[in-house]
$ cat upload.cif   # mmCIF, C-alpha atoms
data_structure
loop_
_atom_site.label_atom_id
_atom_site.label_comp_id
_atom_site.auth_asym_id
_atom_site.auth_seq_id
_atom_site.Cartn_x
_atom_site.Cartn_y
_atom_site.Cartn_z
CA MET A 107 107.02 9.80 87.38
CA TYR A 108 105.80 11.79 84.37
CA SER A 109 102.23 11.69 85.68
CA LYS A 110 103.39 13.38 88.90
CA TYR A 111 104.95 16.28 86.97
CA PHE A 112 101.89 16.49 84.76
CA PHE A 113 99.60 16.94 87.78
CA ILE A 114 101.95 19.65 89.23
CA PHE A 115 101.93 21.52 85.92
CA LEU A 116 98.15 21.23 85.69
CA ALA A 117 97.78 22.67 89.21
CA ILE A 118 100.00 25.67 88.41
CA LEU A 119 98.14 26.37 85.18
CA THR A 120 94.77 26.20 86.94
CA ALA A 121 95.92 28.65 89.62
CA ALA A 122 97.25 31.08 87.02
CA VAL A 123 93.98 31.07 85.09
CA THR A 124 92.04 31.62 88.31
CA PHE A 125 94.12 34.64 89.33
CA TRP A 126 93.95 36.10 85.78
CA SER A 127 90.18 36.00 85.87
CA CYS A 128 90.27 38.10 89.05
CA ILE A 129 92.27 40.95 87.47
CA ASP A 130 90.21 44.06 86.67
CA ILE A 131 91.30 44.92 83.13
CA PRO A 132 90.37 48.52 82.28
CA THR A 133 88.48 49.31 79.13
CA THR A 134 90.13 51.25 76.35
CA GLY A 135 90.52 55.00 76.94
CA PRO A 136 90.83 56.91 80.21
CA PRO A 137 88.09 56.80 82.84
CA GLU A 138 85.72 59.73 83.01
CA SER A 139 87.52 61.18 86.05
CA ALA A 140 90.93 61.37 84.34
CA PHE A 141 92.55 64.39 82.72
CA ASP A 142 90.50 66.22 80.14
CA MET A 143 92.76 67.61 77.42
CA ARG A 144 91.50 71.15 77.96
CA ALA A 145 92.29 74.15 80.13
CA GLN A 146 90.64 77.27 81.55
CA ILE A 147 92.43 80.40 80.36
CA ARG A 148 91.69 84.11 80.58
CA PHE A 149 93.48 86.99 78.89
CA VAL A 150 94.38 90.27 80.63
CA HIS A 151 95.45 93.41 78.76
CA VAL A 152 98.09 95.33 80.78
CA ALA A 153 100.32 96.40 77.87
CA SER A 154 101.17 100.10 77.61
CA GLY A 155 103.49 102.54 75.88
CA THR A 156 104.07 103.38 72.22
CA ASP A 157 106.40 101.50 69.90
CA THR A 158 107.26 101.09 66.24
CA ILE A 159 106.16 98.17 64.08
CA ALA A 160 107.83 97.79 60.69
CA ILE A 161 105.98 95.53 58.26
CA ALA A 162 107.86 94.31 55.19
CA LEU A 163 106.21 95.24 51.90
CA GLY A 164 108.60 93.30 49.69
CA THR A 165 111.29 94.22 47.17
CA SER A 166 111.51 96.05 43.87
CA GLY A 167 113.84 95.44 40.94
CA ASP A 168 116.38 92.74 40.20
CA THR A 169 119.99 92.25 41.15
CA ALA A 170 122.16 94.21 38.70
CA HIS A 171 125.90 94.38 38.03
CA THR A 172 128.24 96.96 36.53
CA SER A 173 131.97 96.86 36.01
CA SER A 174 134.72 99.22 34.98
CA ALA A 175 138.49 98.95 34.56
CA THR A 176 141.40 101.18 33.72
CA GLN A 177 145.02 100.29 32.97
CA PHE A 178 148.10 102.48 32.99
CA THR A 179 151.86 102.14 33.14
CA THR A 180 154.21 103.91 35.49
CA VAL A 181 158.01 103.95 35.62
CA SER A 182 159.73 104.03 38.96
CA GLY A 183 163.48 104.11 38.57
CA THR A 184 164.44 101.01 36.64
CA ASP A 185 161.00 99.38 37.28
CA THR A 186 158.16 99.46 34.83
CA ILE A 187 154.81 98.88 36.60
CA ILE A 188 151.57 98.01 34.81
CA VAL A 189 148.57 98.88 37.00
CA THR A 190 145.04 97.50 36.41
CA ASP A 191 142.31 99.17 38.48
CA SER A 192 138.91 97.36 38.33
CA ALA A 193 135.58 98.00 40.06
CA TYR A 194 132.64 95.56 40.17
CA VAL A 195 129.38 96.89 41.61
CA THR A 196 126.38 94.73 42.56
CA TYR A 197 123.04 96.46 43.12
CA TYR A 198 120.50 94.43 45.11
CA PRO A 199 116.70 94.78 44.94
CA ILE A 200 115.33 97.69 46.98
CA THR A 201 113.50 96.62 50.16
CA PHE A 202 110.43 98.48 51.45
CA TYR A 203 108.87 98.58 54.93
CA ARG A 204 105.73 100.33 56.15
CA ARG A 205 106.44 101.73 59.61
CA PHE A 206 103.59 102.19 62.10
CA GLN A 207 103.37 103.87 65.48
CA VAL A 208 101.35 101.75 67.88
CA ASP A 209 99.96 102.67 71.27
CA PHE A 210 99.88 99.29 72.99
CA SER A 211 97.48 100.59 75.64
CA SER A 212 94.76 100.96 73.00
CA PRO A 213 92.05 98.28 72.66
CA LEU A 214 93.33 94.96 71.32
CA ASP A 215 91.46 92.17 69.55
CA VAL A 216 92.59 88.76 70.81
CA ILE A 217 92.80 86.18 68.02
CA GLU A 218 93.18 82.55 69.07
CA ASP A 219 93.70 79.95 66.35
CA GLY A 220 92.31 82.39 63.80
CA VAL A 221 89.13 83.19 65.78
CA SER A 222 88.50 86.38 67.77
CA VAL A 223 87.80 85.75 71.46
CA GLY A 224 86.94 89.41 72.11
CA GLN A 225 88.35 92.91 72.32
CA LEU A 226 90.12 94.08 75.47
CA SER A 227 90.61 97.66 76.59
CA PHE A 228 93.61 98.49 78.74
CA GLY A 229 93.25 96.81 82.13
CA GLY A 230 90.45 94.58 80.91
CA ALA A 231 90.19 90.81 81.23
CA THR A 232 88.19 88.12 79.52
CA SER A 233 86.25 85.57 81.48
CA TYR A 234 87.90 82.17 81.88
CA LEU A 235 87.64 80.38 78.54
CA ASP A 236 87.48 76.62 78.15
CA VAL A 237 90.09 75.93 75.48
CA PRO A 238 91.95 72.91 74.13
CA ALA A 239 95.30 72.29 75.81
CA GLY A 240 98.51 72.32 73.80
CA PRO A 241 100.09 74.87 71.43
CA ARG A 242 97.88 77.84 70.63
CA ASP A 243 98.26 80.39 67.83
CA LEU A 244 97.75 83.82 69.38
CA SER A 245 97.85 87.23 67.76
CA LEU A 246 96.66 90.71 68.63
CA ARG A 247 95.09 93.24 66.31
CA GLY A 248 94.79 96.94 66.99
CA MET A 249 94.69 100.38 65.45
CA ALA A 250 98.02 101.87 64.34
CA GLN A 251 99.04 105.09 62.62
CA LEU A 252 101.19 104.82 59.51
CA ALA A 253 104.34 106.91 60.05
CA ASP A 254 106.26 106.47 56.79
CA THR A 255 107.61 104.01 54.25
CA LEU A 256 111.25 103.03 54.59
CA GLU A 257 113.26 102.32 51.45
CA ILE A 258 116.56 100.44 51.85
CA SER A 259 119.08 100.31 49.01
CA VAL A 260 122.14 98.06 49.25
CA ASP A 261 125.10 97.70 46.91
CA ASP A 262 128.50 96.00 47.10
CA THR A 263 131.55 97.50 45.42
CA ARG A 264 134.47 95.15 44.81
CA HIS A 265 137.65 97.11 44.15
CA VAL A 266 140.56 95.11 42.71
CA ILE A 267 144.00 96.66 42.05
CA ARG A 268 146.68 94.57 40.36
CA GLN A 269 150.27 95.76 39.89
CA ASP A 270 152.63 93.90 37.56
CA THR A 271 156.27 94.93 37.88
CA VAL A 272 158.05 93.79 34.71
CA GLY A 273 160.55 91.10 35.57
CA LYS A 274 159.78 91.20 39.31
CA GLY A 275 156.32 89.65 39.73
CA SER A 276 152.97 91.14 40.76
CA SER A 277 150.83 92.20 43.72
CA ARG A 278 147.04 92.35 44.18
CA SER A 279 144.54 93.94 46.57
CA ASP A 280 140.86 92.97 46.70
CA THR A 281 138.41 94.97 48.84
CA VAL A 282 134.62 94.71 49.13
CA ILE A 283 132.72 97.72 50.48
CA THR A 284 128.99 97.48 51.25
CA ASN A 285 126.93 100.63 51.03
CA ARG A 286 123.46 100.96 52.55
CA SER A 287 121.27 103.99 52.00
CA TYR A 288 117.92 104.78 53.55
CA ALA A 289 115.07 106.91 52.25
CA PHE A 290 112.02 107.77 54.35
CA LEU A 291 108.99 108.36 52.18
CA PRO A 292 106.45 110.52 54.03
CA VAL A 293 102.75 109.71 54.08
CA SER A 294 99.89 111.99 53.21
CA ALA A 295 98.53 114.08 56.04
CA GLY A 296 95.26 113.06 57.62
CA LEU A 297 95.41 109.33 56.88
CA PRO A 298 93.17 107.39 59.27
CA PRO A 299 94.64 104.68 61.55
CA GLU A 300 94.75 101.15 60.18
CA ASN A 301 93.74 97.92 61.86
CA ILE A 302 96.84 95.70 61.73
CA THR A 303 98.33 92.72 63.51
CA VAL A 304 100.30 94.49 66.23
CA ASP A 305 101.72 91.32 67.72
CA TYR A 306 101.95 87.60 67.15
CA LYS A 307 103.27 84.76 69.29
CA ASN A 308 106.16 82.90 67.72
CA PRO A 309 106.83 80.21 68.80
CA LYS A 310 103.33 79.24 69.81
CA ILE A 311 102.19 79.63 73.40
CA VAL A 312 101.66 76.27 75.12
CA ILE A 313 98.69 75.76 77.46
CA PHE A 314 99.09 72.80 79.80
CA THR A 315 96.34 70.23 80.25
CA ASP A 316 93.79 70.75 83.00
CA ARG A 317 95.28 74.02 84.18
CA LYS A 318 93.63 77.24 85.15
CA ALA A 319 95.81 80.20 84.26
CA THR A 320 95.93 83.86 83.25
CA VAL A 321 97.80 85.07 80.16
CA LEU A 322 98.87 88.69 80.63
CA PHE A 323 99.71 90.90 77.64
CA ILE A 324 102.72 93.00 78.71
CA HIS A 325 104.67 95.36 76.43
CA ASP A 326 108.23 94.06 76.60
CA LEU A 327 111.24 96.33 77.05
CA GLN A 328 113.13 94.84 74.10
CA PRO A 329 111.71 94.62 70.57
CA ILE A 330 111.47 91.22 68.92
CA ILE A 331 113.18 92.70 65.83
CA ALA A 332 115.75 95.52 65.76
CA GLN A 333 117.63 95.75 62.46
CA GLU A 334 119.15 98.34 60.12
CA GLY A 335 120.36 100.50 62.99
CA ASN A 336 116.95 100.14 64.71
CA ARG A 337 115.20 101.59 61.65
CA VAL A 338 113.43 98.26 61.15
CA ARG A 339 111.91 97.67 64.57
CA TYR A 340 109.10 95.43 65.76
CA GLY A 341 108.03 96.17 69.30
CA TRP A 342 106.32 93.21 70.87
CA ILE A 343 104.07 92.07 73.69
CA ASN A 344 105.17 89.41 76.14
CA TYR A 345 102.56 86.72 76.72
CA GLN A 346 103.20 86.09 80.41
CA ILE A 347 101.50 82.94 81.73
CA ALA A 348 100.49 83.19 85.38
CA ASP A 349 99.59 79.66 86.43
CA GLU A 350 96.91 79.48 89.09
CA ARG A 351 96.01 75.89 89.79
CA TYR A 352 94.72 72.68 88.35
CA SER A 353 91.13 72.93 87.21
CA ASP A 354 88.05 71.87 89.15
CA ARG A 355 88.02 68.63 87.17
CA ILE A 356 90.98 67.52 89.26
CA PHE A 357 89.68 68.81 92.57
CA ARG A 358 86.20 67.37 91.97
CA GLY A 359 84.73 70.74 92.93
CA ALA A 360 86.71 70.97 96.18
CA PRO A 361 87.84 74.49 97.19
CA SER A 362 91.28 75.53 95.99
CA VAL A 363 91.68 77.85 98.98
CA PRO A 364 90.83 76.57 102.49
CA ALA A 365 87.81 77.93 104.33
CA GLU A 366 88.36 81.30 106.06
CA SER A 367 91.48 81.85 103.94
CA ILE A 368 92.43 83.95 100.92
CA ALA A 369 95.35 83.68 98.50
CA VAL A 370 97.13 86.78 97.16
CA ARG A 371 99.88 87.17 94.55
CA PHE A 372 101.71 90.12 92.95
CA ILE A 373 102.67 90.57 89.28
CA ASN A 374 104.97 93.33 88.06
CA ALA A 375 103.87 94.41 84.56
CA SER A 376 105.25 97.96 84.80
CA ARG A 377 108.03 99.06 82.42
CA ASN A 378 108.52 102.51 83.94
CA THR A 379 111.06 101.57 86.61
CA PRO A 380 113.19 98.44 87.01
CA SER A 381 111.52 96.91 90.07
CA LYS A 382 108.71 97.47 92.53
CA ARG A 383 107.84 97.14 96.20
CA LEU A 384 104.45 95.91 97.45
CA THR A 385 103.38 96.29 101.06
CA ILE A 386 100.31 94.49 102.46
CA LYS A 387 98.73 95.66 105.70
CA GLY A 388 95.56 94.32 107.22
CA THR A 389 93.60 92.83 110.05
CA ALA A 390 92.08 89.36 109.91
CA GLY A 391 89.44 88.26 112.36
CA SER A 392 88.10 90.24 115.30
CA GLY A 393 88.39 90.44 119.07
CA PRO A 394 91.11 88.46 120.82
CA ASN A 395 91.60 86.30 117.72
CA ALA A 396 92.39 89.26 115.45
CA VAL A 397 95.64 88.94 113.50
CA THR A 398 97.61 91.95 112.22
CA ILE A 399 99.27 91.53 108.82
CA ASN A 400 102.24 93.64 107.67
CA VAL A 401 104.11 92.00 104.79
CA MET A 402 106.51 93.63 102.30
CA SER A 403 107.94 92.29 99.03
CA ASP A 404 110.77 94.44 97.73
CA SER A 405 112.77 94.57 94.47
CA VAL A 406 110.19 92.62 92.46
CA ALA A 407 111.58 92.67 88.92
CA PHE A 408 109.65 93.43 85.74
CA LEU A 409 107.69 90.40 84.41
CA THR A 410 107.86 88.63 87.79
CA VAL A 411 104.83 86.54 88.78
CA MET A 412 105.07 85.93 92.52
CA PRO A 413 103.55 82.77 94.00
CA TYR A 414 100.34 82.96 95.99
CA ARG A 415 100.51 83.66 99.72
CA LYS A 416 97.67 82.56 101.97
CA TYR A 417 96.13 84.81 104.62
CA HIS A 418 92.99 84.83 106.73
CA GLU A 419 90.03 86.67 105.30
CA GLY A 420 89.71 90.24 106.45
CA GLN A 421 90.31 93.85 105.49
CA TYR A 422 93.57 94.70 103.74
CA SER A 423 95.36 97.69 102.24
CA PHE A 424 97.94 97.40 99.45
CA TYR A 425 100.69 99.96 98.79
CA LEU A 426 102.81 100.06 95.62
CA SER A 427 106.10 101.94 95.35
CA ASN A 428 109.47 101.82 93.64
CA ALA A 429 111.93 99.28 95.01
CA GLY A 430 113.46 100.50 98.26
CA SER A 431 110.97 103.35 98.66
CA THR A 432 108.37 103.75 101.40
CA VAL A 433 106.50 106.46 99.44
CA PRO A 434 103.58 104.80 97.63
CA ALA A 435 102.90 105.71 94.01
CA ASP A 436 99.50 104.05 94.33
CA SER A 437 97.42 102.16 96.88
CA LEU A 438 94.24 100.16 97.22
CA PRO A 439 93.08 100.78 100.79
CA SER A 440 90.52 99.00 102.96
CA LEU A 441 89.64 96.08 100.71
CA SER A 442 87.39 93.42 102.20
CA LEU A 443 88.78 90.15 100.87
CA THR A 444 86.44 87.24 101.44
CA SER A 445 87.47 83.68 102.15
CA HIS A 446 87.80 80.90 99.63
CA HIS A 447 89.09 83.27 96.92
CA ARG A 448 92.29 84.11 95.09
CA TYR A 449 93.37 87.59 94.04
CA SER A 450 96.05 89.00 91.73
CA PHE A 451 97.44 92.50 92.24
CA VAL A 452 99.23 93.82 89.15
CA ALA A 453 101.53 96.83 88.79
CA VAL A 454 100.69 98.53 85.45
CA ASP A 455 101.97 101.68 83.75
CA SER A 456 99.87 104.82 83.53
CA ALA A 457 101.42 107.74 81.62
CA SER A 458 104.69 108.52 83.40
CA THR A 459 103.84 106.65 86.61
CA PHE A 460 102.38 103.28 87.59
CA ARG A 461 99.24 102.01 89.27
CA LEU A 462 98.02 98.94 91.13
CA ARG A 463 95.13 96.88 89.76
CA ARG A 464 93.20 94.05 91.37
CA TYR A 465 91.87 90.97 89.59
CA ASP A 466 89.68 88.27 91.15
CA ASP A 467 91.11 84.88 90.13
CA ASP A 468 88.30 82.65 91.43
#
$ encode --input "upload.cif" --output "structure tokens"
Amino acid sequence: MYSKYFFIFLAILTAAVTFWSCIDIPTTGPPESAFDMRAQIRFVHVASGTDTIAIALGTSGDTAHTSSATQFTTVSGTDTIIVTDSAYVTYYPITFYRRFQVDFSSPLDVIEDGVSVGQLSFGGATSYLDVPAGPRDLSLRGMAQLADTLEISVDDTRHVIRQDTVGKGSSRSDTVITNRSYAFLPVSAGLPPENITVDYKNPKIVIFTDRKATVLFIHDLQPIIAQEGNRVRYGWINYQIADERYSDRIFRGAPSVPAESIAVRFINASRNTPSKRLTIKGTAGSGPNAVTINVMSDSVAFLTVMPYRKYHEGQYSFYLSNAGSTVPADSLPSLSLTSHHRYSFVAVDSASTFRLRRYDDD
């Protein structure tokens, strides 16, 4: 009986070993065709407008204290009142800031992980850079004009009044009043502009693995710091990531846009008015197969990155206006857009108006 079970067990074990030997066990690490922990990123400078940047210089002096007290007696009817009036003043160290005026449309040096990747003029773009994926330290350096030095003095006054009515008990009031004073120290005339860090990304910008994307530098409406009644202000640039597609490593070199097609998207980087309207008109193809295009996107908010739309290759005109308006502020007429390509059209500020710029994404 035991021999029968032994032979059954032996048969099962033999089959298991046979099947195990047929399993294709991968080697350690990903195959060559898997994700590469890198990305293709380009930077586009569409920031504009002036702003203030206040850079802390530090403090001067130590915390100091003074005190004073007076005591007097008053008689009110049958009551004798002993009054003690005390004041305790705390003087804090004086804080200093250097305040700069920055024109964000001026050329900017792009610093990635402590290394310059090039200088961009307004409207300019780098080529696509092969960079490691993950968190990246980004900062921008540019020329700025020193406006003044701000001096902030702060003190707290604690005022305590104690009244002792003989035979009837006492009362006490305790009030703290904070006083802040500001002094603006002018700078000497004719000082040259300084090269400073005009913006930094905090927290770090994250680049996803095996992506192809554009990072647009856009002057944000709200400062990243606004303190002391807006006297200490740090205007900042929004690092807007416009994702495009996975990289060619995923597609194995296959086209990202089908043959005879184009892909178009719109990005609103204009601060001048709340939202924009983009109208696309064009003709794709010829003869009886010609297709007329007339597409409008209205009320596109600031910082919006619209998804790509696919069209047939052909000749197109683009018209940019304020939301709800049919009167273009700018246009790019009669553009021949060839197949198998992607294009970004970006609304950017120019003085008191706005313009439309084209960028080839592929």
$ resolve_selection --input "upload.cif" --expression "the PyMOL selection byres ((chain A and resi 397-409) around 10)" --output "PyMOL selection string"
chain A and resi 322+324-327+344-346+372-396+410-412+417-418+420-431+453
$ residues_around --input "upload.cif" --residues "region 177-189 of chain A" --least-positions-apart "3" --cutoff "8 Å" --atoms "all atoms listed in the file" --output "ChimeraX atom specification"
/A:267-272
$ atom_distance --input "upload.cif" --atom1 "CA of Asp467 (chain A)" --atom2 "CA of Val150 (chain A)"
11.4 Å
$ residues_around --input "upload.cif" --residues "Thr201 (chain A)" --least-positions-apart "3" --cutoff "10 Å" --atoms "all atoms listed in the file" --output "list in words"
Ala162, Leu163, Gly164, Thr165, Ser166, Gly167, Tyr198, Leu256, Glu257, Ile258, Ser259, Val260 and Tyr288 of chain A
$ residues_around --input "upload.cif" --residues "Asp209 (chain A)" --least-positions-apart "6" --cutoff "10 Å" --atoms "only C-alpha atoms" --output "list of chain:residue names"
A:Ala153, A:Ser154, A:Gly155, A:Thr156, A:Asp157, A:Thr158, A:Gly248, A:Met249, A:Ala250, A:Gln251, A:Val304
$ closest_residue --input "upload.cif" --among "A:Val195, A:Ile311, A:Val433, A:Leu235" --to "Thr284 (chain A)" --atoms "all atoms listed in the file"
A:Val195
$ closest_atom_pairs --input "upload.cif" --of "region 129-204 of chain A" --to "region 236-247 of chain A" --cutoff "12 Å" --atoms "only C-alpha atoms" --output "tab-separated table"
residue	atom	partner	partner_atom	distance
A:Phe141	CA	A:Ala239	CA	10.8
A:Asp142	CA	A:Ala239	CA	8.9
A:Met143	CA	A:Ala239	CA	5.6
A:Arg144	CA	A:Pro238	CA	4.2
A:Ala145	CA	A:Val237	CA	5.4
A:Gln146	CA	A:Asp236	CA	4.7
A:Ile147	CA	A:Asp236	CA	6.6
A:Arg148	CA	A:Asp236	CA	8.9
A:Phe149	CA	A:Leu244	CA	10.9
A:His151	CA	A:Leu246	CA	10.6
A:Ala153	CA	A:Leu246	CA	11.5
$ atom_distance --input "upload.cif" --atom1 "CA of Thr263 (chain A)" --atom2 "CA of Arg337 (chain A)"
23.4 Å
$ residues_around --input "upload.cif" --residues "region 170-176 of chain A" --least-positions-apart "4" --cutoff "10 Å" --atoms "only C-alpha atoms" --output "PDB file with C-alpha atoms, keeping the file's coordinate frame"
ATOM      1  CA  VAL A 189     148.570  98.880  37.000  1.00  0.00           C
ATOM      2  CA  THR A 190     145.040  97.500  36.410  1.00  0.00           C
ATOM      3  CA  ASP A 191     142.310  99.170  38.480  1.00  0.00           C
ATOM      4  CA  SER A 192     138.910  97.360  38.330  1.00  0.00           C
ATOM      5  CA  ALA A 193     135.580  98.000  40.060  1.00  0.00           C
ATOM      6  CA  TYR A 194     132.640  95.560  40.170  1.00  0.00           C
ATOM      7  CA  VAL A 195     129.380  96.890  41.610  1.00  0.00           C
ATOM      8  CA  THR A 196     126.380  94.730  42.560  1.00  0.00           C
ATOM      9  CA  TYR A 197     123.040  96.460  43.120  1.00  0.00           C
ATOM     10  CA  TYR A 198     120.500  94.430  45.110  1.00  0.00           C
ATOM     11  CA  PRO A 199     116.700  94.780  44.940  1.00  0.00           C
ATOM     12  CA  ASP A 261     125.100  97.700  46.910  1.00  0.00           C
ATOM     13  CA  ASP A 262     128.500  96.000  47.100  1.00  0.00           C
ATOM     14  CA  THR A 263     131.550  97.500  45.420  1.00  0.00           C
ATOM     15  CA  ARG A 264     134.470  95.150  44.810  1.00  0.00           C
ATOM     16  CA  HIS A 265     137.650  97.110  44.150  1.00  0.00           C
ATOM     17  CA  VAL A 266     140.560  95.110  42.710  1.00  0.00           C
ATOM     18  CA  ILE A 267     144.000  96.660  42.050  1.00  0.00           C
TER      19      ILE A 267
END
$ residues_around --input "upload.cif" --residues "Lys416 (chain A)" --least-positions-apart "2" --cutoff "8 Å" --atoms "all atoms listed in the file" --output "PyMOL selection string"
chain A and resi 367-370+414+418
$ closest_residue --input "upload.cif" --among "A:Pro413, A:Pro213, A:Gly341, A:Gly229" --to "Ala160 (chain A)" --atoms "all atoms listed in the file"
A:Gly341
$ residues_near_point --input "upload.cif" --point "(104.2, 79.7, 80.1)" --cutoff "9 Å" --atoms "all atoms listed in the file" --output "number ranges by chain"
A: 311-314, 321, 345-349
$ closest_residue --input "upload.cif" --among "A:Ser233, A:Lys307, A:Arg448, A:Pro329" --to "Glu218 (chain A)" --atoms "only C-alpha atoms"
A:Lys307
$ closest_residue --input "upload.cif" --among "A:Phe206, A:Tyr465, A:Tyr340, A:Phe451" --to "Val293 (chain A)" --atoms "all atoms listed in the file"
A:Phe206
$ atom_distance --input "upload.cif" --atom1 "CA of Leu214 (chain A)" --atom2 "CA of Gln333 (chain A)"
25.9 Å
